[in-house]
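Text of the file data07.cif, holding mmCIF, C-alpha atoms:
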```
data_coords
loop_
_atom_site.label_atom_id
_atom_site.label_comp_id
_atom_site.auth_asym_id
_atom_site.auth_seq_id
_atom_site.Cartn_x
_atom_site.Cartn_y
_atom_site.Cartn_z
CA MET A 1 -25.04 -9.85 -19.48
CA MET A 2 -22.42 -8.91 -22.07
CA LYS A 3 -25.27 -8.62 -24.55
CA ARG A 4 -26.90 -5.95 -22.40
CA TYR A 5 -23.63 -4.04 -22.24
CA TRP A 6 -23.25 -4.23 -26.01
CA MET A 7 -26.78 -2.85 -26.32
CA ALA A 8 -25.76 0.08 -24.13
CA ILE A 9 -22.72 0.67 -26.36
CA ALA A 10 -24.99 0.56 -29.43
CA VAL A 11 -27.32 3.13 -27.86
CA LEU A 12 -24.35 5.42 -27.21
CA ILE A 13 -23.24 5.06 -30.84
CA ILE A 14 -26.70 5.78 -32.22
CA PHE A 15 -27.12 8.88 -30.05
CA SER A 16 -23.53 10.09 -30.55
CA PRO A 17 -24.62 12.86 -33.00
CA LEU A 18 -26.07 14.65 -29.94
CA GLY A 19 -22.43 15.52 -29.33
CA LEU A 20 -22.50 17.59 -32.53
CA LEU A 21 -25.15 19.95 -31.14
CA ALA A 22 -22.65 21.82 -28.98
CA ASP A 23 -21.27 24.64 -31.10
CA GLY A 24 -17.65 25.65 -30.85
CA THR A 25 -14.43 24.03 -29.76
CA ALA A 26 -13.15 22.96 -26.36
CA TRP A 27 -10.88 25.51 -24.70
CA GLY A 28 -7.30 25.15 -25.92
CA GLU A 29 -8.19 22.86 -28.81
CA TRP A 30 -8.50 25.52 -31.52
CA GLY A 31 -6.74 24.97 -34.81
CA GLY A 32 -4.17 27.46 -36.04
CA ASP A 33 -6.71 29.37 -38.18
CA ASP A 34 -9.14 29.90 -35.31
CA LEU A 35 -6.30 30.99 -33.07
CA SER A 36 -4.90 33.49 -35.57
CA GLU A 37 -8.39 35.01 -35.83
CA THR A 38 -8.41 35.76 -32.10
CA LEU A 39 -4.72 36.51 -31.65
CA GLY A 40 -3.77 37.96 -35.01
CA TYR A 41 -0.93 35.47 -35.33
CA ILE A 42 -0.15 31.78 -34.95
CA PRO A 43 2.51 31.10 -32.31
CA GLN A 44 5.74 30.11 -34.06
CA GLY A 45 6.24 26.81 -32.30
CA MET A 46 2.67 25.86 -33.06
CA GLN A 47 3.13 26.65 -36.73
CA ASN A 48 6.06 24.23 -36.90
CA VAL A 49 4.05 21.21 -35.81
CA GLN A 50 0.69 22.18 -37.27
CA ASP A 51 0.92 19.78 -40.18
CA LEU A 52 2.59 16.99 -38.25
CA TRP A 53 -0.43 14.68 -38.19
CA ALA A 54 -3.93 15.39 -39.46
CA GLY A 55 -5.50 12.08 -38.47
CA ILE A 56 -7.55 9.86 -40.76
CA PHE A 57 -10.98 11.25 -39.88
CA PRO A 58 -10.16 14.55 -38.16
CA ASP A 59 -12.81 15.73 -35.68
CA TYR A 60 -14.74 12.49 -36.11
CA SER A 61 -16.04 13.73 -39.45
CA ILE A 62 -16.19 11.60 -42.55
CA SER A 63 -16.40 13.98 -45.49
CA PHE A 64 -17.85 11.27 -47.74
CA PHE A 65 -21.31 11.87 -46.24
CA GLY A 66 -21.33 15.58 -47.04
CA GLU A 67 -21.69 18.73 -44.99
CA SER A 68 -25.44 18.65 -44.34
CA SER A 69 -26.40 18.04 -40.73
CA LEU A 70 -27.73 14.60 -41.69
CA GLY A 71 -24.49 13.81 -43.51
CA GLN A 72 -22.45 15.02 -40.53
CA SER A 73 -24.54 12.93 -38.17
CA ILE A 74 -24.12 9.81 -40.29
CA GLY A 75 -20.39 10.49 -40.51
CA TYR A 76 -20.22 10.92 -36.73
CA VAL A 77 -22.02 7.61 -36.17
CA ILE A 78 -19.70 5.83 -38.61
CA ALA A 79 -16.72 7.43 -36.87
CA ALA A 80 -18.12 6.19 -33.54
CA ILE A 81 -18.42 2.66 -34.94
CA ILE A 82 -14.92 2.68 -36.49
CA GLY A 83 -13.41 4.19 -33.34
CA SER A 84 -15.21 1.76 -31.04
CA ALA A 85 -14.05 -1.21 -33.10
CA MET A 86 -10.46 0.06 -33.07
CA VAL A 87 -10.47 0.83 -29.34
CA TYR A 88 -11.98 -2.58 -28.60
CA GLY A 89 -9.51 -4.37 -30.87
CA LEU A 90 -6.45 -2.55 -29.55
CA SER A 91 -7.57 -3.01 -25.96
CA LEU A 92 -8.22 -6.74 -26.45
CA LEU A 93 -4.85 -7.17 -28.11
CA LEU A 94 -2.97 -5.26 -25.41
CA THR A 95 -4.73 -6.72 -22.38
CA LYS A 96 -4.62 -10.26 -23.79
CA MET A 97 -0.90 -9.87 -24.42
CA ILE A 98 -0.45 -8.65 -20.86
CA ALA A 99 -2.71 -11.26 -19.27
CA SER A 100 -1.47 -14.24 -21.30
CA LYS A 101 2.03 -13.86 -19.92
CA LYS A 102 0.61 -15.36 -16.76
CA ASN A 103 0.53 -19.16 -16.89
CA SER A 104 -1.91 -19.71 -14.04
CA ILE A 105 -4.54 -17.77 -15.93
CA LEU A 106 -4.07 -19.75 -19.12
CA SER A 107 -4.73 -22.97 -17.29
CA CYS A 108 -8.22 -21.90 -16.30
CA SER A 109 -9.12 -19.88 -19.37
CA ASN A 110 -10.48 -22.83 -21.34
CA LYS A 111 -13.27 -23.80 -19.04
CA MET B 1 -9.12 18.44 -22.49
CA HIS B 2 -7.39 16.80 -25.48
CA ILE B 3 -4.37 19.05 -25.90
CA PRO B 4 -3.49 19.34 -29.60
CA ASP B 5 0.08 19.44 -30.87
CA GLY B 6 1.65 22.88 -30.83
CA TYR B 7 0.14 24.05 -27.54
CA LEU B 8 2.84 22.46 -25.41
CA SER B 9 6.57 22.79 -25.95
CA PRO B 10 8.45 19.67 -27.10
CA SER B 11 10.20 19.62 -23.71
CA THR B 12 6.85 19.63 -21.86
CA CYS B 13 5.61 16.81 -24.09
CA LEU B 14 8.81 14.84 -23.59
CA THR B 15 8.76 15.30 -19.82
CA LEU B 16 5.20 14.07 -19.44
CA GLY B 17 5.84 11.24 -21.90
CA VAL B 18 8.78 10.10 -19.81
CA VAL B 19 6.67 10.39 -16.65
CA MET B 20 4.07 8.12 -18.24
CA LEU B 21 6.55 5.33 -19.06
CA PRO B 22 6.85 3.91 -15.53
CA ILE B 23 3.09 4.40 -15.05
CA TRP B 24 2.34 2.29 -18.14
CA TYR B 25 4.92 -0.24 -17.03
CA LYS B 26 3.43 -0.49 -13.55
CA ALA B 27 -0.08 -0.68 -15.02
CA SER B 28 0.79 -3.60 -17.27
CA ALA B 29 2.61 -5.36 -14.42
CA LYS B 30 -0.46 -4.88 -12.21
CA LEU B 31 -2.78 -6.16 -14.90
CA LYS B 32 -0.54 -9.13 -15.57
CA LYS B 33 -0.79 -10.03 -11.90
CA ASP B 34 -4.46 -9.25 -11.21
CA LEU B 35 -6.37 -9.41 -14.48
CA ASP B 36 -8.50 -12.45 -15.12
CA VAL B 37 -8.66 -13.19 -18.88
CA LYS B 38 -12.42 -13.36 -18.47
CA GLN B 39 -12.34 -9.66 -17.61
CA VAL B 40 -10.49 -8.75 -20.81
CA PRO B 41 -13.64 -8.26 -22.96
CA LEU B 42 -15.37 -6.28 -20.20
CA LEU B 43 -12.35 -4.04 -19.64
CA SER B 44 -12.10 -3.46 -23.39
CA MET B 45 -15.77 -2.48 -23.39
CA GLY B 46 -14.88 -0.01 -20.66
CA ALA B 47 -12.31 1.52 -23.01
CA VAL B 48 -14.94 1.71 -25.77
CA PHE B 49 -17.36 3.32 -23.31
CA CYS B 50 -14.80 6.02 -22.48
CA PHE B 51 -14.08 6.58 -26.16
CA LEU B 52 -17.78 7.05 -26.93
CA ILE B 53 -18.65 9.18 -23.91
CA MET B 54 -15.93 11.62 -24.98
CA MET B 55 -17.81 12.15 -28.27
CA PHE B 56 -20.73 13.74 -26.39
CA ASN B 57 -19.66 17.37 -26.43
CA VAL B 58 -21.69 19.68 -24.26
CA PRO B 59 -21.83 23.46 -24.58
CA ILE B 60 -20.13 25.63 -21.95
CA PRO B 61 -21.53 29.10 -21.16
CA ASN B 62 -18.30 30.80 -22.33
CA GLY B 63 -18.74 29.55 -25.90
CA THR B 64 -16.47 26.53 -25.70
CA THR B 65 -17.39 22.87 -25.27
CA ALA B 66 -16.39 20.05 -22.93
CA HIS B 67 -17.27 16.43 -22.33
CA ALA B 68 -17.18 13.65 -19.76
CA ILE B 69 -14.26 11.19 -19.96
CA GLY B 70 -15.45 8.15 -17.99
CA ALA B 71 -12.10 7.72 -16.24
CA THR B 72 -13.40 7.48 -12.67
CA LEU B 73 -16.10 4.98 -13.66
CA VAL B 74 -13.57 2.62 -15.23
CA ALA B 75 -11.28 3.06 -12.19
CA ILE B 76 -14.14 2.20 -9.80
CA ILE B 77 -15.07 -0.96 -11.72
CA PHE B 78 -11.64 -2.30 -12.69
CA GLY B 79 -9.21 -0.44 -10.45
CA PRO B 80 -7.06 2.58 -11.29
CA TRP B 81 -4.26 0.65 -13.03
CA ALA B 82 -6.65 -1.02 -15.45
CA ALA B 83 -8.18 2.42 -16.05
CA VAL B 84 -4.72 3.70 -17.05
CA ILE B 85 -4.60 1.12 -19.84
CA ALA B 86 -8.24 1.53 -20.94
CA MET B 87 -8.02 5.32 -21.06
CA SER B 88 -4.64 5.26 -22.81
CA VAL B 89 -6.02 2.98 -25.53
CA ALA B 90 -9.04 5.24 -26.09
CA LEU B 91 -6.79 8.33 -26.18
CA ALA B 92 -4.37 6.64 -28.61
CA ILE B 93 -7.12 5.89 -31.13
CA GLN B 94 -8.53 9.40 -30.68
CA ALA B 95 -5.13 10.94 -31.42
CA ILE B 96 -4.11 8.67 -34.29
CA VAL B 97 -7.38 8.21 -36.15
CA PHE B 98 -9.40 11.30 -35.25
CA ALA B 99 -6.65 13.87 -34.54
CA ASP B 100 -8.36 14.53 -31.18
CA GLY B 101 -5.38 15.30 -28.98
CA GLY B 102 -1.87 15.62 -30.38
CA ILE B 103 0.62 12.88 -31.15
CA LEU B 104 3.44 14.74 -29.38
CA ALA B 105 1.04 15.68 -26.59
CA PHE B 106 0.03 12.03 -26.05
CA GLY B 107 2.11 11.85 -22.88
CA ALA B 108 0.45 14.99 -21.50
CA ASN B 109 -3.05 13.88 -22.43
CA THR B 110 -2.58 10.43 -20.94
CA PHE B 111 -1.03 11.95 -17.82
CA ASN B 112 -4.13 14.14 -17.34
CA MET B 113 -6.92 11.80 -18.38
CA ALA B 114 -5.45 8.31 -18.01
CA PHE B 115 -3.50 8.89 -14.79
CA VAL B 116 -4.63 11.92 -12.76
CA ALA B 117 -8.37 11.49 -13.41
CA PRO B 118 -8.71 7.76 -12.65
CA PHE B 119 -6.37 7.79 -9.63
CA VAL B 120 -7.93 10.85 -7.98
CA GLY B 121 -11.39 9.51 -8.78
CA TYR B 122 -10.57 6.05 -7.47
CA TYR B 123 -9.20 7.20 -4.12
CA VAL B 124 -11.97 9.74 -3.52
CA TYR B 125 -14.46 6.95 -4.26
CA GLN B 126 -12.71 4.52 -1.92
CA PHE B 127 -12.62 7.11 0.84
CA ILE B 128 -16.33 7.98 0.65
CA SER B 129 -17.80 4.59 -0.23
CA LYS B 130 -15.89 2.59 2.37
CA ASN B 131 -18.12 -0.30 3.51
CA ALA B 132 -21.13 1.12 1.68
CA PRO B 133 -23.40 -1.64 0.36
CA GLN B 134 -23.53 -2.19 -3.39
CA GLY B 135 -26.19 0.04 -4.97
CA SER B 136 -26.66 2.13 -1.82
CA ILE B 137 -27.13 5.88 -1.95
CA ARG B 138 -23.73 6.39 -0.36
CA GLN B 139 -22.02 4.23 -2.97
CA LEU B 140 -23.66 6.14 -5.82
CA ALA B 141 -22.95 9.50 -4.18
CA ALA B 142 -19.33 8.44 -3.76
CA GLY B 143 -19.20 7.64 -7.47
CA ALA B 144 -20.68 11.02 -8.39
CA ILE B 145 -18.40 13.06 -6.13
CA ALA B 146 -15.31 11.06 -7.11
CA SER B 147 -16.06 11.59 -10.80
CA TYR B 148 -16.57 15.31 -10.28
CA VAL B 149 -13.31 15.66 -8.37
CA GLY B 150 -11.38 13.35 -10.73
CA ILE B 151 -12.21 15.15 -13.97
CA ASN B 152 -11.69 18.55 -12.34
CA CYS B 153 -8.24 17.60 -11.08
CA ALA B 154 -7.36 16.44 -14.60
CA ALA B 155 -8.66 19.73 -16.04
CA PHE B 156 -6.66 21.67 -13.46
CA VAL B 157 -3.44 19.82 -14.32
CA ALA B 158 -4.12 20.43 -18.03
CA SER B 159 -4.65 24.15 -17.36
CA ILE B 160 -1.29 24.30 -15.58
CA GLU B 161 0.39 22.62 -18.57
CA PHE B 162 -1.25 25.17 -20.88
CA GLY B 163 -0.62 28.12 -18.59
CA ILE B 164 3.10 27.65 -17.98
CA GLN B 165 3.88 27.70 -21.72
CA PRO B 166 3.93 31.49 -22.26
CA LEU B 167 5.94 31.92 -19.06
CA LEU B 168 8.63 29.50 -20.18
CA PHE B 169 8.72 29.68 -23.94
CA THR B 170 8.69 32.90 -25.95
CA ALA B 171 10.11 33.78 -29.35
CA VAL B 172 12.88 36.39 -29.71
CA ASP B 173 10.24 39.08 -30.28
CA GLY B 174 8.50 38.18 -27.02
CA THR B 175 5.46 36.46 -28.54
CA PRO B 176 4.60 33.08 -27.05
CA LEU B 177 5.94 30.07 -28.95
CA TYR B 178 3.20 27.63 -27.92
CA CYS B 179 -0.01 28.07 -25.92
CA PRO B 180 -0.38 31.87 -25.80
CA TYR B 181 -2.53 31.94 -22.67
CA GLY B 182 -0.93 32.12 -19.25
CA LEU B 183 -2.10 30.64 -15.96
CA ALA B 184 -4.41 33.62 -15.28
CA VAL B 185 -6.42 32.75 -18.41
CA ALA B 186 -5.96 28.99 -18.71
CA ILE B 187 -6.91 28.01 -15.15
CA PRO B 188 -10.23 29.92 -15.01
CA ALA B 189 -11.17 28.87 -18.56
CA MET B 190 -10.54 25.18 -17.97
CA MET B 191 -12.02 25.19 -14.49
CA VAL B 192 -15.20 27.05 -15.42
CA ALA B 193 -15.86 24.47 -18.13
CA HIS B 194 -15.30 21.51 -15.82
CA LEU B 195 -16.56 22.84 -12.47
CA THR B 196 -19.85 24.08 -13.93
CA VAL B 197 -20.68 21.50 -16.59
CA ALA B 198 -18.32 18.66 -17.45
CA GLY B 199 -17.82 17.61 -13.81
CA PHE B 200 -21.56 17.14 -13.32
CA ILE B 201 -21.86 15.24 -16.59
CA GLU B 202 -19.01 12.97 -15.50
CA GLY B 203 -20.82 12.36 -12.19
CA ILE B 204 -24.13 11.61 -13.90
CA VAL B 205 -22.43 9.22 -16.34
CA THR B 206 -20.78 7.32 -13.48
CA VAL B 207 -23.97 7.04 -11.42
CA ALA B 208 -26.00 5.93 -14.46
CA ALA B 209 -23.43 3.30 -15.36
CA LEU B 210 -23.07 2.06 -11.76
CA LYS B 211 -26.85 1.74 -11.48
CA PHE B 212 -26.94 -0.04 -14.83
CA MET B 213 -24.27 -2.48 -13.66
CA ALA B 214 -25.78 -2.96 -10.21
CA VAL B 215 -28.84 -4.62 -11.73
CA GLN B 216 -26.64 -7.21 -13.44
CA PRO B 217 -26.27 -10.72 -12.07
CA VAL B 218 -23.39 -10.22 -9.68
CA GLU B 219 -21.49 -13.41 -10.46
CA MET B 220 -19.94 -11.82 -13.52
CA LEU B 221 -18.80 -8.63 -11.79
CA PRO B 222 -15.02 -8.48 -11.52
CA SER B 223 -14.69 -8.72 -7.73
CA GLN B 224 -16.89 -11.78 -7.82
CA THR B 225 -15.04 -13.45 -10.67
CA ASN B 226 -11.90 -13.43 -8.59
CA LYS B 227 -13.69 -15.38 -5.89
CA ASN B 228 -14.98 -17.83 -8.46
CA ARG B 229 -11.49 -18.31 -9.74
CA GLU B 230 -10.20 -19.13 -6.31
CA ALA B 231 -13.01 -21.62 -5.85
CA VAL B 232 -12.09 -23.53 -9.04
#
```
Encoded form using structure tokens:
Amino acid sequence: MMKRYWMAIAVLIIFSPLGLLADGTAWGEWGGDDLSETLGYIPQGMQNVQDLWAGIFPDYSISFFGESSLGQSIGYVIAAIIGSAMVYGLSLLLTKMIASKKNSILSCSNK
Amino acid sequence: MHIPDGYLSPSTCLTLGVVMLPIWYKASAKLKKDLDVKQVPLLSMGAVFCFLIMMFNVPIPNGTTAHAIGATLVAIIFGPWAAVIAMSVALAIQAIVFADGGILAFGANTFNMAFVAPFVGYYVYQFISKNAPQGSIRQLAAGAIASYVGINCAAFVASIEFGIQPLLFTAVDGTPLYCPYGLAVAIPAMMVAHLTVAGFIEGIVTVAALKFMAVQPVEMLPSQTNKNREAV
């Protein structure tokens, strides 16, 4: 059964570039440059934290694969794979840490 | 709905971060008590599912985009407290690795998408699906409606967080310090995106996933595993 679920995850990863088709940005998620285009200025408080953290692969794009739509799609898929692996790993780590504090569970986990 | 850094004041971020602390604490205590280690891989897959579904941006008529979040689905399958953890993990990786959602705004984003969405979704689902047989039309409809309501409540709360910024925080010259759009702009913008498009996508995602899971051998489904455990 888990295998079928992993297949579903793989299908989502492969088709993730469909998410690139939607042009534009979600409301309230514009970067400072976009915002200053509409407003004519960047709010002061926003300017202060703008460069706080840029992420490793901002916007799920991996520049290595270039700016063509194929390159972007490949980058998006790779980002989906990297992100999925990290989410899975962090979730396993956290939930195992939480669950393993319970002795009664440990006793029946090795069957 | 991933609020970037700079749109919310530090005090707003801090407040919502502090609000999340007891929620995370309660969630881990609940999981410690109720979670079967056999469910750990499945729950983690749920987190991955949420992460991936959020990559599917869909266009909104007003020129912006939105996406489903999967919060209600995970809450239906694993319970709302497990959904808090799964969603928080997905949001953490999104913020840290992909700069999707701010680091300072992590408390706000988890409050909206890892607390409001799964809890609202879960209780709406429970209310409508009460005693409905697994895989029945009523159960699926409950999932769809709960997902629609859950994501829209989260979007509404996010729009309030955005919208109160210019009311509360302005520079000396009167210009807004953070999000420049007040409630009159933020609420309609967020709600149009989620009432017209993202809410339906969230509902479709939940129904599709519930149907997909309903055809699985039931002995591995979480509720059933608990019974197995008691039998051992």
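The closest residue to Met54 of chain B, picked from B:Ile76, B:Leu91, B:Val97, B:Ile23 and counting only C-alpha atoms, is B:Leu91.
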Inset, instruction - Please determine the residues with any atom at most 12 Å from (-12.2, 14.9, -24.5) (coordinates as given in the file, with only C-alpha atoms counting) and report them as a VMD selection string. - result: (chain A and resid 19 25 to 29 59) or (chain B and resid 1 to 4 50 to 58 65 to 71 87 90 to 91 94 to 95 98 to 102 109 to 110 112 to 114 151 154 to 155 158 194 198 202)
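For the file at hand, the PyMOL selection byres ((chain A and resi 61-68) around 12) resolves to Pro17, Leu20, Gly55, Ile56, Phe57, Pro58, Asp59, Tyr60, Ser69, Leu70, Gly71, Gln72, Ser73, Ile74, Gly75, Tyr76, Val77, Ile78, Ala79, Ala80, Ile81, Ile82 and Gly83 of chain A; Met55, Val97, Phe98, Ala99 and Asp100 of chain B.
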Inset, instruction - Spell out the residues picked by the PyMOL selection byres ((chain B and resi 104) around 10) here, as a list in words. - result: Val49, Leu52 and Trp53 of chain A; Ile3, Pro4, Asp5, Gly6, Leu8, Ser9, Pro10, Thr12, Cys13, Leu14, Gly17, Ala95, Gly101, Gly102, Ile103, Ala105, Phe106, Gly107, Ala108 and Asn109 of chain B
Legend entry - Straight-line distance linking atom CA of Pro43 of chain A with atom CA of Asp173 of chain B, stated in Å to one decimal: 11.3 Å
Would you kindly place N, CA and C atoms on segment 140-171 of chain B and return the model as a PDB file, keeping the file's coordinate frame?
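Produced file rebuild29.pdb, reproduced below:
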```pdb
ATOM      1  N   LEU B 140     -23.423   5.348  -4.607  1.00  0.00           N
ATOM      2  CA  LEU B 140     -23.660   6.140  -5.820  1.00  0.00           C
ATOM      3  C   LEU B 140     -23.174   7.576  -5.636  1.00  0.00           C
ATOM      4  N   ALA B 141     -23.420   8.134  -4.450  1.00  0.00           N
ATOM      5  CA  ALA B 141     -22.950   9.500  -4.180  1.00  0.00           C
ATOM      6  C   ALA B 141     -21.429   9.548  -4.242  1.00  0.00           C
ATOM      7  N   ALA B 142     -20.791   8.510  -3.705  1.00  0.00           N
ATOM      8  CA  ALA B 142     -19.330   8.440  -3.760  1.00  0.00           C
ATOM      9  C   ALA B 142     -18.850   8.452  -5.207  1.00  0.00           C
ATOM     10  N   GLY B 143     -19.553   7.684  -6.057  1.00  0.00           N
ATOM     11  CA  GLY B 143     -19.200   7.640  -7.470  1.00  0.00           C
ATOM     12  C   GLY B 143     -19.336   9.008  -8.119  1.00  0.00           C
ATOM     13  N   ALA B 144     -20.430   9.701  -7.796  1.00  0.00           N
ATOM     14  CA  ALA B 144     -20.680  11.020  -8.390  1.00  0.00           C
ATOM     15  C   ALA B 144     -19.620  12.026  -7.953  1.00  0.00           C
ATOM     16  N   ILE B 145     -19.366  12.070  -6.644  1.00  0.00           N
ATOM     17  CA  ILE B 145     -18.400  13.060  -6.130  1.00  0.00           C
ATOM     18  C   ILE B 145     -17.002  12.741  -6.648  1.00  0.00           C
ATOM     19  N   ALA B 146     -16.636  11.463  -6.640  1.00  0.00           N
ATOM     20  CA  ALA B 146     -15.310  11.060  -7.110  1.00  0.00           C
ATOM     21  C   ALA B 146     -15.111  11.438  -8.569  1.00  0.00           C
ATOM     22  N   SER B 147     -16.150  11.248  -9.375  1.00  0.00           N
ATOM     23  CA  SER B 147     -16.060  11.590 -10.800  1.00  0.00           C
ATOM     24  C   SER B 147     -15.880  13.085 -10.986  1.00  0.00           C
ATOM     25  N   TYR B 148     -16.654  13.843 -10.206  1.00  0.00           N
ATOM     26  CA  TYR B 148     -16.570  15.310 -10.280  1.00  0.00           C
ATOM     27  C   TYR B 148     -15.168  15.778  -9.912  1.00  0.00           C
ATOM     28  N   VAL B 149     -14.638  15.244  -8.819  1.00  0.00           N
ATOM     29  CA  VAL B 149     -13.310  15.660  -8.370  1.00  0.00           C
ATOM     30  C   VAL B 149     -12.237  15.171  -9.357  1.00  0.00           C
ATOM     31  N   GLY B 150     -12.389  13.938  -9.829  1.00  0.00           N
ATOM     32  CA  GLY B 150     -11.380  13.350 -10.730  1.00  0.00           C
ATOM     33  C   GLY B 150     -11.210  14.149 -12.009  1.00  0.00           C
ATOM     34  N   ILE B 151     -12.321  14.445 -12.680  1.00  0.00           N
ATOM     35  CA  ILE B 151     -12.210  15.150 -13.970  1.00  0.00           C
ATOM     36  C   ILE B 151     -11.737  16.584 -13.748  1.00  0.00           C
ATOM     37  N   ASN B 152     -12.132  17.183 -12.594  1.00  0.00           N
ATOM     38  CA  ASN B 152     -11.690  18.550 -12.340  1.00  0.00           C
ATOM     39  C   ASN B 152     -10.204  18.634 -12.006  1.00  0.00           C
ATOM     40  N   CYS B 153      -9.684  17.621 -11.332  1.00  0.00           N
ATOM     41  CA  CYS B 153      -8.240  17.600 -11.080  1.00  0.00           C
ATOM     42  C   CYS B 153      -7.484  17.462 -12.402  1.00  0.00           C
ATOM     43  N   ALA B 154      -8.002  16.602 -13.298  1.00  0.00           N
ATOM     44  CA  ALA B 154      -7.360  16.440 -14.600  1.00  0.00           C
ATOM     45  C   ALA B 154      -7.386  17.762 -15.378  1.00  0.00           C
ATOM     46  N   ALA B 155      -8.534  18.445 -15.333  1.00  0.00           N
ATOM     47  CA  ALA B 155      -8.660  19.730 -16.040  1.00  0.00           C
ATOM     48  C   ALA B 155      -7.701  20.760 -15.445  1.00  0.00           C
ATOM     49  N   PHE B 156      -7.555  20.726 -14.117  1.00  0.00           N
ATOM     50  CA  PHE B 156      -6.660  21.670 -13.460  1.00  0.00           C
ATOM     51  C   PHE B 156      -5.205  21.426 -13.891  1.00  0.00           C
ATOM     52  N   VAL B 157      -4.799  20.156 -13.897  1.00  0.00           N
ATOM     53  CA  VAL B 157      -3.440  19.820 -14.320  1.00  0.00           C
ATOM     54  C   VAL B 157      -3.217  20.248 -15.774  1.00  0.00           C
ATOM     55  N   ALA B 158      -4.235  20.009 -16.623  1.00  0.00           N
ATOM     56  CA  ALA B 158      -4.120  20.430 -18.030  1.00  0.00           C
ATOM     57  C   ALA B 158      -3.965  21.945 -18.126  1.00  0.00           C
ATOM     58  N   SER B 159      -4.726  22.683 -17.288  1.00  0.00           N
ATOM     59  CA  SER B 159      -4.650  24.150 -17.360  1.00  0.00           C
ATOM     60  C   SER B 159      -3.279  24.649 -16.921  1.00  0.00           C
ATOM     61  N   ILE B 160      -2.651  23.935 -15.991  1.00  0.00           N
ATOM     62  CA  ILE B 160      -1.290  24.300 -15.580  1.00  0.00           C
ATOM     63  C   ILE B 160      -0.322  24.076 -16.752  1.00  0.00           C
ATOM     64  N   GLU B 161      -0.484  22.921 -17.427  1.00  0.00           N
ATOM     65  CA  GLU B 161       0.390  22.620 -18.570  1.00  0.00           C
ATOM     66  C   GLU B 161       0.239  23.699 -19.649  1.00  0.00           C
ATOM     67  N   PHE B 162      -1.011  24.081 -19.928  1.00  0.00           N
ATOM     68  CA  PHE B 162      -1.250  25.170 -20.880  1.00  0.00           C
ATOM     69  C   PHE B 162      -0.607  26.466 -20.378  1.00  0.00           C
ATOM     70  N   GLY B 163      -0.923  26.803 -19.121  1.00  0.00           N
ATOM     71  CA  GLY B 163      -0.620  28.120 -18.590  1.00  0.00           C
ATOM     72  C   GLY B 163       0.852  28.422 -18.387  1.00  0.00           C
ATOM     73  N   ILE B 164       1.670  27.374 -18.193  1.00  0.00           N
ATOM     74  CA  ILE B 164       3.100  27.650 -17.980  1.00  0.00           C
ATOM     75  C   ILE B 164       3.834  27.896 -19.304  1.00  0.00           C
ATOM     76  N   GLN B 165       3.193  27.576 -20.427  1.00  0.00           N
ATOM     77  CA  GLN B 165       3.880  27.700 -21.720  1.00  0.00           C
ATOM     78  C   GLN B 165       4.352  29.129 -22.020  1.00  0.00           C
ATOM     79  N   PRO B 166       3.457  30.140 -21.937  1.00  0.00           N
ATOM     80  CA  PRO B 166       3.930  31.490 -22.260  1.00  0.00           C
ATOM     81  C   PRO B 166       4.943  32.046 -21.252  1.00  0.00           C
ATOM     82  N   LEU B 167       4.953  31.483 -20.038  1.00  0.00           N
ATOM     83  CA  LEU B 167       5.940  31.920 -19.060  1.00  0.00           C
ATOM     84  C   LEU B 167       7.323  31.401 -19.409  1.00  0.00           C
ATOM     85  N   LEU B 168       7.349  30.169 -19.960  1.00  0.00           N
ATOM     86  CA  LEU B 168       8.630  29.500 -20.180  1.00  0.00           C
ATOM     87  C   LEU B 168       9.171  29.651 -21.596  1.00  0.00           C
ATOM     88  N   PHE B 169       8.255  29.753 -22.561  1.00  0.00           N
ATOM     89  CA  PHE B 169       8.720  29.680 -23.940  1.00  0.00           C
ATOM     90  C   PHE B 169       8.193  30.843 -24.769  1.00  0.00           C
ATOM     91  N   THR B 170       9.086  31.798 -25.077  1.00  0.00           N
ATOM     92  CA  THR B 170       8.690  32.900 -25.950  1.00  0.00           C
ATOM     93  C   THR B 170       9.711  33.023 -27.079  1.00  0.00           C
ATOM     94  N   ALA B 171       9.225  33.535 -28.212  1.00  0.00           N
ATOM     95  CA  ALA B 171      10.110  33.780 -29.350  1.00  0.00           C
ATOM     96  C   ALA B 171      10.991  34.986 -29.036  1.00  0.00           C
TER      97      ALA B 171
END
```
